[in-house]
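Note: the block below is structure25.cif and it holds mmCIF, C-alpha atoms.
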```cif
data_final
loop_
_atom_site.label_atom_id
_atom_site.label_comp_id
_atom_site.auth_asym_id
_atom_site.auth_seq_id
_atom_site.Cartn_x
_atom_site.Cartn_y
_atom_site.Cartn_z
CA MET A 1 29.85 -47.41 -54.46
CA ASN A 2 31.77 -44.26 -53.57
CA ARG A 3 30.79 -40.84 -54.82
CA VAL A 4 34.36 -39.58 -54.47
CA THR A 5 36.26 -40.42 -57.67
CA LEU A 6 39.81 -39.81 -58.82
CA SER A 7 38.85 -36.75 -60.86
CA ASP A 8 37.05 -35.31 -57.83
CA THR A 9 40.19 -35.87 -55.79
CA ASN A 10 42.40 -34.05 -58.29
CA ALA A 11 39.97 -31.13 -58.61
CA SER A 12 39.43 -30.73 -54.90
CA THR A 13 40.76 -27.60 -53.22
CA ASN A 14 40.88 -29.14 -49.74
CA PRO A 15 42.64 -32.54 -49.96
CA PRO A 16 42.84 -33.24 -46.20
CA GLN A 17 39.04 -33.58 -45.98
CA ILE A 18 38.75 -36.15 -48.79
CA PRO A 19 39.54 -39.23 -46.68
CA GLY A 20 36.85 -38.18 -44.20
CA GLU A 21 34.22 -37.86 -46.94
CA TYR A 22 35.38 -41.17 -48.41
CA TRP A 23 34.87 -43.05 -45.14
CA LEU A 24 31.58 -41.23 -44.55
CA ASP A 25 30.04 -42.35 -47.83
CA ASP A 26 31.31 -45.90 -47.47
CA ALA A 27 30.07 -46.24 -43.89
CA CYS A 28 26.58 -45.13 -44.71
CA ILE A 29 25.83 -48.24 -46.76
CA LEU A 30 27.41 -50.82 -44.47
CA ASP A 31 25.95 -52.62 -41.47
CA MET A 32 26.50 -51.63 -37.85
CA ASP A 33 29.26 -54.10 -36.99
CA TYR A 34 31.35 -53.13 -39.97
CA PHE A 35 30.76 -49.44 -39.25
CA VAL A 36 32.19 -49.84 -35.74
CA LYS A 37 35.32 -51.55 -37.12
CA THR A 38 35.70 -48.90 -39.78
CA LEU A 39 35.34 -46.10 -37.24
CA SER A 40 37.99 -47.71 -35.04
CA GLY A 41 40.38 -47.66 -37.99
CA ILE A 42 39.57 -43.99 -38.60
CA LYS A 43 40.34 -43.14 -34.97
CA ALA A 44 43.60 -45.10 -35.15
CA LYS A 45 44.75 -42.94 -38.07
CA GLY A 46 44.48 -39.84 -35.91
CA VAL A 47 41.44 -38.20 -37.48
CA ARG A 48 40.16 -35.17 -35.60
CA PRO A 49 37.42 -35.87 -33.01
CA ASP A 50 35.01 -33.38 -34.59
CA LEU A 51 35.33 -35.19 -37.94
CA VAL A 52 34.67 -38.52 -36.22
CA GLY A 53 31.61 -36.97 -34.57
CA SER A 54 30.31 -35.74 -37.93
CA ILE A 55 30.72 -39.26 -39.35
CA ILE A 56 28.70 -40.72 -36.48
CA ALA A 57 25.99 -38.07 -36.83
CA HIS A 58 25.69 -38.61 -40.58
CA TYR A 59 25.56 -42.38 -40.21
CA ALA A 60 22.96 -42.17 -37.43
CA SER A 61 20.71 -39.88 -39.48
CA LYS A 62 20.65 -42.52 -42.27
CA TRP A 63 19.14 -45.17 -40.01
CA VAL A 64 17.25 -43.17 -37.36
CA PRO A 65 15.18 -40.34 -38.90
CA GLU A 66 14.71 -38.67 -35.49
CA LEU A 67 18.46 -37.95 -35.41
CA SER A 68 18.52 -36.13 -38.73
CA GLU A 69 19.77 -32.56 -38.64
CA SER A 70 17.24 -31.26 -41.18
CA ARG A 71 13.55 -32.01 -41.47
CA ASP A 72 13.67 -32.56 -45.22
CA VAL A 73 16.42 -35.14 -44.93
CA SER A 74 14.48 -36.85 -42.18
CA ASN A 75 11.35 -37.09 -44.28
CA SER A 76 13.19 -38.41 -47.35
CA ASN A 77 15.13 -40.96 -45.32
CA SER A 78 12.07 -42.17 -43.48
CA SER A 79 10.14 -42.65 -46.71
CA SER A 80 13.02 -44.52 -48.35
CA ASN A 81 13.55 -46.71 -45.30
CA GLU A 82 9.88 -47.57 -45.10
CA SER A 83 9.81 -48.59 -48.76
CA ASN A 84 12.99 -50.69 -48.58
CA ALA A 85 12.55 -52.24 -45.14
CA SER A 86 10.73 -55.49 -44.75
CA PRO A 87 7.64 -55.50 -42.55
CA GLU A 88 8.51 -56.36 -38.95
CA SER A 89 6.84 -56.17 -35.57
CA ALA A 90 7.02 -53.11 -33.37
CA THR A 91 8.94 -55.03 -30.71
CA THR A 92 11.65 -56.04 -33.18
CA SER A 93 11.98 -52.48 -34.46
CA TRP A 94 12.21 -51.15 -30.92
CA ARG A 95 14.96 -53.65 -30.02
CA LYS A 96 16.96 -52.79 -33.12
CA LYS A 97 16.72 -49.08 -32.42
CA LYS A 98 17.73 -49.59 -28.79
CA PHE A 99 20.77 -51.62 -29.83
CA PHE A 100 21.66 -49.00 -32.43
CA ILE A 101 21.51 -46.08 -29.95
CA GLU A 102 23.50 -47.93 -27.29
CA THR A 103 26.17 -48.77 -29.89
CA LEU A 104 26.39 -45.11 -30.97
CA VAL A 105 26.80 -43.95 -27.38
CA GLY A 106 29.60 -46.49 -26.88
CA ILE A 107 31.63 -45.24 -29.86
CA LEU A 108 31.30 -41.50 -29.24
CA PRO A 109 34.63 -39.68 -28.92
CA PRO A 110 35.57 -38.82 -25.32
CA GLU A 111 35.76 -35.11 -26.13
CA ASN A 112 32.60 -33.27 -25.05
CA ASP A 113 32.57 -30.99 -28.10
CA ALA A 114 33.10 -33.78 -30.66
CA ILE A 115 29.43 -33.77 -31.71
CA SER A 116 27.03 -30.88 -32.13
CA CYS A 117 24.78 -29.86 -29.25
CA ASN A 118 21.65 -30.30 -31.36
CA PHE A 119 22.57 -33.89 -32.29
CA LEU A 120 23.47 -34.67 -28.68
CA PHE A 121 20.05 -33.64 -27.33
CA LYS A 122 18.29 -35.50 -30.16
CA LEU A 123 20.29 -38.59 -29.26
CA LEU A 124 19.22 -38.17 -25.62
CA ARG A 125 15.59 -37.81 -26.67
CA VAL A 126 15.62 -41.02 -28.72
CA ALA A 127 17.52 -42.83 -25.96
CA ASN A 128 14.78 -42.00 -23.46
CA LYS A 129 12.15 -43.02 -26.01
CA VAL A 130 13.56 -46.51 -26.59
CA GLY A 131 14.59 -46.95 -22.95
CA VAL A 132 18.34 -47.56 -23.12
CA ASP A 133 20.22 -48.91 -20.11
CA ILE A 134 20.91 -46.52 -17.27
CA SER A 135 24.67 -46.42 -17.91
CA TYR A 136 24.17 -45.14 -21.47
CA ARG A 137 21.52 -42.67 -20.31
CA GLU A 138 23.80 -41.25 -17.62
CA GLU A 139 26.60 -40.90 -20.17
CA LEU A 140 24.35 -38.87 -22.46
CA GLU A 141 23.03 -36.76 -19.57
CA SER A 142 26.57 -36.01 -18.44
CA ARG A 143 27.51 -34.82 -21.92
CA ALA A 144 24.29 -32.82 -22.28
CA SER A 145 24.76 -31.07 -18.92
CA TRP A 146 28.25 -30.02 -20.00
CA ARG A 147 26.80 -28.41 -23.14
CA LEU A 148 23.66 -27.04 -21.50
CA GLU A 149 24.55 -23.38 -22.09
CA GLU A 150 24.60 -24.07 -25.85
CA ALA A 151 21.18 -25.72 -25.90
CA SER A 152 18.02 -24.02 -27.14
CA LEU A 153 14.54 -24.14 -25.68
CA MET A 154 13.42 -26.72 -28.25
CA ASP A 155 16.34 -28.97 -27.32
CA ILE A 156 15.31 -29.34 -23.69
CA MET A 157 11.54 -29.51 -24.32
CA MET A 158 11.53 -33.29 -24.48
CA PRO A 159 8.26 -35.20 -24.14
CA SER A 160 7.89 -37.58 -21.25
CA PHE A 161 8.00 -41.26 -22.24
CA SER A 162 7.66 -42.54 -18.67
CA HIS A 163 4.36 -43.76 -17.28
CA THR A 164 5.29 -42.58 -13.77
CA CYS A 165 5.79 -38.96 -14.80
CA GLY A 166 2.52 -37.03 -14.76
CA THR A 167 3.65 -34.04 -16.83
CA LEU A 168 3.64 -33.88 -20.62
CA LEU A 169 7.27 -32.75 -20.75
CA ASP A 170 10.13 -34.67 -19.16
CA PHE A 171 10.50 -32.31 -16.21
CA GLU A 172 12.66 -34.68 -14.16
CA LEU A 173 15.22 -34.96 -16.97
CA VAL A 174 15.69 -31.19 -17.17
CA LEU A 175 15.98 -31.03 -13.39
CA ARG A 176 18.76 -33.64 -13.45
CA LEU A 177 20.60 -31.77 -16.21
CA VAL A 178 20.49 -28.48 -14.31
CA LYS A 179 21.66 -30.11 -11.09
CA ARG A 180 24.58 -31.68 -12.94
CA PHE A 181 25.45 -28.34 -14.49
CA VAL A 182 25.35 -26.51 -11.15
CA ALA A 183 27.56 -29.21 -9.63
CA LEU A 184 30.27 -28.42 -12.18
CA ASP A 185 33.10 -26.15 -11.13
CA GLU A 186 32.13 -22.56 -11.92
CA CYS A 187 35.75 -21.74 -12.71
CA VAL A 188 35.61 -24.23 -15.59
CA LYS A 189 32.35 -23.03 -17.13
CA GLY A 190 32.40 -19.37 -16.14
CA SER A 191 29.68 -17.00 -14.97
CA SER A 192 28.50 -16.25 -18.51
CA ALA A 193 27.50 -19.89 -19.01
CA LEU A 194 25.55 -19.80 -15.74
CA ILE A 195 23.64 -16.70 -16.85
CA LYS A 196 22.75 -18.36 -20.18
CA VAL A 197 21.46 -21.46 -18.40
CA ALA A 198 19.38 -19.29 -16.04
CA LYS A 199 17.69 -17.57 -19.01
CA LEU A 200 17.08 -20.96 -20.64
CA ILE A 201 15.52 -22.42 -17.49
CA ASP A 202 13.29 -19.36 -16.99
CA SER A 203 11.96 -19.80 -20.53
CA TYR A 204 11.43 -23.51 -19.89
CA LEU A 205 9.55 -22.76 -16.67
CA ALA A 206 7.24 -20.39 -18.52
CA GLU A 207 6.39 -23.19 -20.97
CA VAL A 208 6.04 -26.03 -18.48
CA ALA A 209 3.90 -23.83 -16.18
CA LEU A 210 1.03 -24.33 -18.63
CA ASP A 211 0.84 -27.99 -17.57
CA LEU A 212 -1.96 -28.45 -15.04
CA LYS A 213 -0.29 -31.57 -13.62
CA LEU A 214 2.90 -29.77 -12.63
CA SER A 215 3.11 -29.58 -8.86
CA LEU A 216 4.15 -26.47 -6.99
CA GLU A 217 6.98 -28.30 -5.23
CA ALA A 218 8.52 -29.36 -8.55
CA PHE A 219 8.25 -25.83 -9.95
CA ILE A 220 9.93 -24.33 -6.89
CA GLU A 221 12.67 -26.98 -6.94
CA LEU A 222 13.68 -26.25 -10.53
CA ALA A 223 13.45 -22.47 -10.10
CA GLY A 224 15.52 -22.54 -6.93
CA VAL A 225 18.22 -24.99 -8.01
CA LEU A 226 20.23 -22.17 -9.60
CA PRO A 227 22.24 -19.87 -7.29
CA PRO A 228 20.93 -16.32 -6.71
CA HIS A 229 23.75 -14.67 -8.69
CA ALA A 230 22.85 -16.66 -11.81
CA ARG A 231 20.03 -14.25 -12.67
CA ALA A 232 21.05 -10.68 -13.40
CA ILE A 233 17.38 -9.82 -13.89
CA ASP A 234 14.30 -11.68 -12.65
CA ASP A 235 11.85 -10.72 -15.40
CA GLY A 236 11.88 -14.22 -16.91
CA LEU A 237 11.29 -15.86 -13.55
CA TYR A 238 8.46 -13.42 -12.77
CA ARG A 239 6.81 -14.21 -16.12
CA ALA A 240 7.02 -17.95 -15.36
CA ILE A 241 5.54 -17.52 -11.87
CA ASP A 242 2.75 -15.30 -13.18
CA THR A 243 1.94 -17.91 -15.83
CA TYR A 244 1.84 -20.66 -13.20
CA LEU A 245 -0.50 -18.65 -10.95
CA LYS A 246 -2.71 -17.81 -13.93
CA VAL A 247 -3.09 -21.46 -14.94
CA HIS A 248 -3.22 -22.88 -11.40
CA SER A 249 -5.78 -20.49 -9.98
CA GLY A 250 -6.52 -22.70 -6.98
CA VAL A 251 -3.11 -22.28 -5.33
CA PRO A 252 -3.61 -21.31 -1.65
CA LYS A 253 -2.39 -17.98 -0.32
CA GLN A 254 0.39 -19.48 1.79
CA GLU A 255 1.81 -21.36 -1.19
CA ARG A 256 1.62 -18.20 -3.29
CA LYS A 257 3.85 -16.54 -0.72
CA LEU A 258 6.37 -19.38 -1.00
CA LEU A 259 6.35 -19.04 -4.77
CA CYS A 260 6.85 -15.27 -4.71
CA ARG A 261 9.83 -15.59 -2.39
CA LEU A 262 11.81 -16.81 -5.39
CA ILE A 263 11.58 -13.34 -6.96
CA ASP A 264 14.05 -10.66 -5.97
CA SER A 265 12.08 -7.44 -6.36
CA ARG A 266 15.33 -5.48 -6.70
CA LYS A 267 16.11 -7.32 -9.94
CA LEU A 268 12.85 -6.50 -11.71
CA SER A 269 12.81 -4.04 -14.59
CA PRO A 270 10.51 -0.98 -14.42
CA GLU A 271 8.05 -2.65 -16.79
CA ALA A 272 7.93 -5.85 -14.72
CA SER A 273 7.60 -3.84 -11.50
CA LEU A 274 4.68 -1.88 -12.93
CA HIS A 275 2.97 -5.11 -13.96
CA ALA A 276 3.62 -6.71 -10.57
CA SER A 277 2.23 -3.70 -8.66
CA GLN A 278 -1.08 -4.14 -10.52
CA ASN A 279 -1.11 -7.96 -10.48
CA GLU A 280 -4.05 -9.26 -8.44
CA ARG A 281 -2.66 -12.80 -8.43
CA LEU A 282 0.32 -11.85 -6.27
CA PRO A 283 0.05 -11.67 -2.47
CA LEU A 284 -0.21 -8.22 -0.95
CA ARG A 285 3.16 -8.57 0.76
CA ALA A 286 4.90 -9.22 -2.57
CA VAL A 287 3.26 -6.15 -4.13
CA VAL A 288 4.39 -3.97 -1.23
CA GLN A 289 7.95 -5.26 -1.59
CA VAL A 290 7.95 -4.38 -5.29
CA LEU A 291 6.73 -0.87 -4.51
CA PHE A 292 9.37 -0.38 -1.83
CA SER A 293 12.10 -1.57 -4.21
CA GLU A 294 10.95 0.81 -6.93
CA GLN A 295 10.86 3.70 -4.49
CA ASN A 296 14.40 2.91 -3.34
CA LYS A 297 15.60 2.78 -6.94
CA ILE A 298 14.05 6.15 -7.73
CA ASN A 299 15.42 7.71 -4.54
CA HIS A 300 18.86 6.39 -5.39
CA LYS A 301 18.63 7.90 -8.86
CA LEU A 302 17.50 11.22 -7.42
CA ASP A 303 20.35 11.23 -4.91
CA TRP A 304 22.82 10.36 -7.63
CA SER A 305 21.56 13.09 -9.96
CA GLY A 306 21.47 15.59 -7.10
CA SER A 307 25.04 14.78 -6.09
CA LEU A 308 26.17 15.42 -9.64
CA ALA A 309 24.29 18.71 -9.73
CA VAL A 310 25.83 20.11 -6.52
CA ARG A 311 29.32 18.86 -7.27
CA SER A 312 31.90 21.59 -6.80
CA PRO A 313 35.08 22.01 -8.88
CA SER A 314 37.24 21.15 -5.86
CA GLN A 315 35.62 17.69 -5.67
CA VAL A 316 36.52 16.80 -9.22
CA GLY A 317 40.11 15.83 -8.36
CA PHE A 318 42.26 14.66 -11.21
CA GLU A 319 39.37 14.04 -13.60
CA LEU A 320 39.44 15.62 -17.02
CA PRO A 321 37.38 18.80 -17.32
CA ALA A 322 33.94 18.02 -18.67
CA ARG A 323 32.47 19.99 -21.50
CA CYS A 324 29.78 22.56 -20.84
CA HIS A 325 26.31 21.18 -21.26
CA SER A 326 24.09 22.86 -23.74
CA LYS A 327 20.79 24.41 -22.81
CA ARG A 328 18.95 21.56 -24.49
CA GLU A 329 20.82 18.93 -22.46
CA VAL A 330 20.13 20.77 -19.22
CA THR A 331 16.44 20.94 -20.12
CA VAL A 332 16.34 17.21 -20.83
CA GLN A 333 18.02 16.46 -17.49
CA ASN A 334 15.56 18.67 -15.63
CA MET A 335 12.63 16.94 -17.34
CA GLU A 336 14.05 13.56 -16.37
CA ILE A 337 14.41 14.62 -12.74
CA LYS A 338 10.85 15.97 -12.79
CA ARG A 339 9.58 12.67 -14.20
CA LEU A 340 11.41 10.73 -11.50
CA LYS A 341 9.86 12.92 -8.80
CA GLU A 342 6.41 12.29 -10.25
CA ASP A 343 7.09 8.56 -10.18
CA VAL A 344 8.08 8.84 -6.52
CA VAL A 345 4.82 10.64 -5.71
CA ARG A 346 2.81 8.04 -7.62
CA LEU A 347 4.49 5.18 -5.78
CA GLN A 348 3.94 6.90 -2.45
CA ASN A 349 0.23 7.27 -3.21
CA GLN A 350 0.01 3.59 -4.08
CA MET A 351 1.77 2.68 -0.85
CA ILE A 352 -0.63 4.87 1.16
CA ALA A 353 -3.59 3.16 -0.52
CA LEU A 354 -2.17 -0.27 0.27
CA GLN A 355 -1.55 0.73 3.88
CA GLY A 356 -5.16 1.89 4.08
CA GLN A 357 -6.33 -1.49 2.85
CA LEU A 358 -4.15 -3.23 5.42
CA GLU A 359 -5.61 -1.04 8.20
CA LYS A 360 -9.16 -1.84 7.06
CA LEU A 361 -8.39 -5.56 7.19
CA ALA A 362 -6.95 -5.15 10.68
CA GLU A 363 -10.03 -3.17 11.79
CA LYS A 364 -12.32 -5.96 10.62
CA LYS A 365 -10.38 -8.45 12.69
CA ARG A 366 -10.51 -6.24 15.80
CA GLY A 367 -14.19 -5.24 15.31
CA PHE A 368 -15.64 -8.16 17.21
CA PHE A 369 -13.58 -7.51 20.30
CA LYS A 370 -14.43 -3.78 20.25
CA TRP A 371 -18.17 -4.44 20.20
CA LYS A 372 -17.83 -6.92 23.05
CA LYS A 373 -15.96 -4.36 25.10
CA LEU A 374 -18.59 -1.67 24.45
CA LEU A 375 -21.41 -3.98 25.51
CA LEU A 376 -19.66 -4.76 28.78
CA MET A 377 -19.03 -1.07 29.44
CA SER A 378 -22.68 -0.13 28.73
CA GLY A 379 -23.83 -2.50 31.45
CA SER A 380 -21.53 -0.99 34.10
CA VAL A 381 -22.02 2.74 33.35
CA ALA A 382 -25.06 4.99 33.90
CA VAL A 383 -25.69 8.47 32.45
CA ASN A 384 -26.29 11.44 34.76
CA ASP A 385 -28.04 14.77 34.10
CA GLY A 386 -25.14 16.51 32.37
CA GLY A 387 -24.44 13.63 30.07
CA ARG A 388 -21.38 12.50 32.05
CA SER A 389 -20.75 8.84 32.72
CA GLU A 390 -21.11 7.75 36.34
CA SER A 391 -20.24 4.31 37.65
CA ILE A 392 -22.79 2.43 39.68
CA GLY A 393 -21.25 1.43 42.90
CA ASN A 394 -23.81 -1.06 44.04
CA ASN A 395 -23.40 -4.28 42.05
CA ARG A 396 -26.40 -5.83 43.73
CA GLU A 397 -28.64 -3.02 42.54
CA PHE A 398 -27.24 -3.42 39.03
CA GLU A 399 -28.17 -7.07 39.05
CA GLU A 400 -31.69 -6.32 40.21
CA VAL A 401 -32.37 -3.64 37.64
CA GLY A 402 -30.66 -5.18 34.60
CA PHE A 403 -29.77 -3.70 31.18
CA GLY A 404 -32.00 -0.97 29.76
CA ARG A 405 -34.38 -0.88 32.75
CA HIS A 406 -33.85 2.84 33.56
CA THR A 407 -36.44 5.17 32.04
CA PRO A 408 -36.52 9.00 32.39
CA LEU A 409 -39.43 10.87 33.96
CA ALA A 410 -41.58 12.99 31.66
CA LYS A 411 -41.55 16.11 33.94
CA GLU A 412 -39.99 17.22 37.13
CA ASN A 413 -42.33 16.94 40.11
CA PRO A 414 -41.93 20.08 42.25
CA LYS A 415 -43.52 18.29 45.23
CA ALA A 416 -40.75 15.78 45.22
CA LYS A 417 -38.10 18.37 46.11
CA VAL A 418 -36.50 18.02 49.46
CA SER A 419 -36.30 20.89 51.95
CA ASN A 420 -32.49 20.89 52.07
CA GLY A 421 -32.29 22.04 48.41
CA ARG A 422 -31.31 18.76 46.80
CA SER A 423 -33.20 17.94 43.65
CA SER A 424 -34.86 14.59 43.26
CA ARG A 425 -33.60 12.02 40.78
CA ARG A 426 -34.87 12.38 37.25
CA TRP A 427 -34.50 8.67 36.71
CA ARG A 428 -36.68 6.10 38.30
CA LYS A 429 -36.77 2.38 38.27
CA SER A 430 -39.31 0.86 35.98
CA VAL A 431 -41.51 -1.77 37.56
CA SER A 432 -42.95 -2.88 34.30
#
```

Please go through the file and, once you have read it, give me the structure as structure tokens.
Amino acid sequence: MNRVTLSDTNASTNPPQIPGEYWLDDACILDMDYFVKTLSGIKAKGVRPDLVGSIIAHYASKWVPELSESRDVSNSNSSSNESNASPESATTSWRKKKFFIETLVGILPPENDAISCNFLFKLLRVANKVGVDISYREELESRASWRLEEASLMDIMMPSFSHTCGTLLDFELVLRLVKRFVALDECVKGSSALIKVAKLIDSYLAEVALDLKLSLEAFIELAGVLPPHARAIDDGLYRAIDTYLKVHSGVPKQERKLLCRLIDSRKLSPEASLHASQNERLPLRAVVQVLFSEQNKINHKLDWSGSLAVRSPSQVGFELPARCHSKREVTVQNMEIKRLKEDVVRLQNQMIALQGQLEKLAEKKRGFFKWKKLLLMSGSVAVNDGGRSESIGNNREFEEVGFGRHTPLAKENPKAKVSNGRSSRRWRKSVS
């Protein structure tokens, strides 16, 4: 029954691992109850937790092909199991698998790193598929959230097996894992683990954004569950938001503003800033913020380079004397400064163009009120001989005459002049 023989034991170069291999091969051909008893005896002998975890993983891959580490082993095991197993109903198979997964979760070592991260997320996937009890599911989610920084994108892209969830991927599961991870003490996990999880979640958001059934509220909740200092750069988050806006083209303008508030324009790379400044899907306010941030970055670089250029020897202090720069290095620095100045001019031109567009939009809104004001003024003002405006004092006369009822005379009538030297009016009231 055992593949480990006496000759193999004598020829082995690592004797302490032989008992583990012996139990592993024996356990793989026994039933579940006997495997649990055997594993309890192994734990009682003081075997390392990682070795116990490898035994559990190997045993589970023999009976559940979805838990296999390699695809080839999974295919071979599934084909052998199908040929040897007796035909049974789907309900019986589902109950057996559920009992098997719940038993595996119950015998896992208490150490969080006893089993591999890949096997842990596969176990969580199968547990959600067969619908284990909530206590076993919470135990697996607690372990998975502790190892979340070690997970890959394929590990967390689990399909949704719930009828209530509208998305293709199990979005709510990932949200629970991230919330559990954030709730952990940062002193225990460290800031590097938080940065890794932020990159992982940004990649997951870019993938799940392709789902048309994903709501905006759910997307914002997952993107905002991480603290602001978790992302050193927001390029991944910007790519996810741009993908969501591209797929969900019917998002209103106000909700686009809420979505773009998640992005810190100061954390965008020059490439992402250039793309955002030309992105028509972003609100105008977000584009202006990106341009302002880029201008501040360039001004800061120019100030920094200028301060180094005008630095006097007395300001050096106790620093070591720097070597003299070659002519080539000075030329490269001057070219870099020139390029930065050109970028500043280009950004200023873009800002002026955007301000012009904003002024045009404001003019359109105020146009109606301007025309109304002009119409009211035209009814209360008359034009005299020199082209100057003259108010009509008699409101009653204005009401009698009305708008546009004044017509000029064709010629001056010399007989109409008065003896005191005053000229007659060139405008008369039309009776037509």

Counting all atoms listed in the file, which residues in region 174-271 of chain A sit no more than 9 Å from region 147-155 of chain A? For each one, give the nearest pair of atoms and the distance in Å, sorted by chain then residue number, as a tab-separated table.
```
residue	atom	partner	partner_atom	distance
A:Leu177	CA	A:Leu148	CA	7.7
A:Val178	CA	A:Leu148	CA	8.0
A:Phe181	CA	A:Leu148	CA	7.4
A:Ser192	CA	A:Glu149	CA	8.9
A:Ala193	CA	A:Glu149	CA	5.5
A:Leu194	CA	A:Glu149	CA	7.4
A:Ile195	CA	A:Glu149	CA	8.5
A:Lys196	CA	A:Glu149	CA	5.7
A:Val197	CA	A:Glu149	CA	5.2
A:Ala198	CA	A:Glu149	CA	8.9
A:Leu200	CA	A:Leu153	CA	6.5
A:Ile201	CA	A:Leu153	CA	8.4
A:Ser203	CA	A:Leu153	CA	7.2
A:Tyr204	CA	A:Leu153	CA	6.6
```

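Residues with any atom within 10 Å of Leu214 (chain A), counting only C-alpha atoms and excluding same-chain neighbours fewer than 4 positions away, are A:Cys165, A:Gly166, A:Thr167, A:Leu168, A:Leu169, A:Phe171, A:Val208, A:Ala209, A:Leu210, A:Ala218, A:Phe219, A:Tyr244, A:His248.
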
Can I get the selection written as a compact mmCIF listing (two decimals), in the coordinates of the input, with C-alpha atoms?
```txt
# COMPACT_ATOMS: atom_id res chain seq x y z
CA CYS A 165 5.79 -38.96 -14.80
CA GLY A 166 2.52 -37.03 -14.76
CA THR A 167 3.65 -34.04 -16.83
CA LEU A 168 3.64 -33.88 -20.62
CA LEU A 169 7.27 -32.75 -20.75
CA PHE A 171 10.50 -32.31 -16.21
CA VAL A 208 6.04 -26.03 -18.48
CA ALA A 209 3.90 -23.83 -16.18
CA LEU A 210 1.03 -24.33 -18.63
CA ALA A 218 8.52 -29.36 -8.55
CA PHE A 219 8.25 -25.83 -9.95
CA TYR A 244 1.84 -20.66 -13.20
CA HIS A 248 -3.22 -22.88 -11.40
```

Result set, the PyMOL selection byres ((chain A and resi 183) around 12) on current file, as JSON, numbers by chain:
{"A": [142, 145, 146, 176, 177, 178, 179, 180, 181, 182, 184, 185, 186, 187, 188, 189, 194, 225, 226, 227]}

Would you translate the PyMOL selection byres ((chain A and resi 287-290) around 9) into the concrete set of residues it matches in this file, as a ChimeraX atom specification?
/A:264-266,268,273-274,276-279,282-286,291-295,351,354

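Taking CA of Ser191 (chain A) and CA of Ala230 (chain A) as the two end points, the separation is 7.5 Å.
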
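From CA of Tyr136 (chain A) back to CA of Leu123 (chain A), the distance works out to 10.9 Å.
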
Residues matched by the PyMOL selection byres ((chain A and resi 109) around 12) as a list in words:
Leu39, Ser40, Ile42, Lys43, Val47, Arg48, Pro49, Asp50, Leu51, Val52, Gly53, Ser54, Ile55, Ile56, Ala57, Leu104, Val105, Gly106, Ile107, Leu108, Pro110, Glu111, Asn112, Asp113, Ala114, Ile115, Glu139 and Arg143 of chain A

Tell me, in Å to one decimal, how far CA of Phe119 (chain A) is from CA of Ser68 (chain A).
7.9 Å

Which residues, written as a PyMOL selection string, have at least one atom at most 7 Å from Asp235 (chain A), with all atoms listed in the file counted and residues fewer than 4 positions away on the same chain left out?
chain A and resi 239+268-269+272

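For the choices A:Glu336, A:Gln254, A:Lys341, A:Leu259, the atom-to-atom distance to Glu217 (chain A) is smallest for A:Leu259 when using all atoms listed in the file.
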
From A:Pro65, A:Met32, A:Ala232, A:Glu138, residue lying nearest Lys96 (chain A) [all atoms listed in the file]:
A:Met32
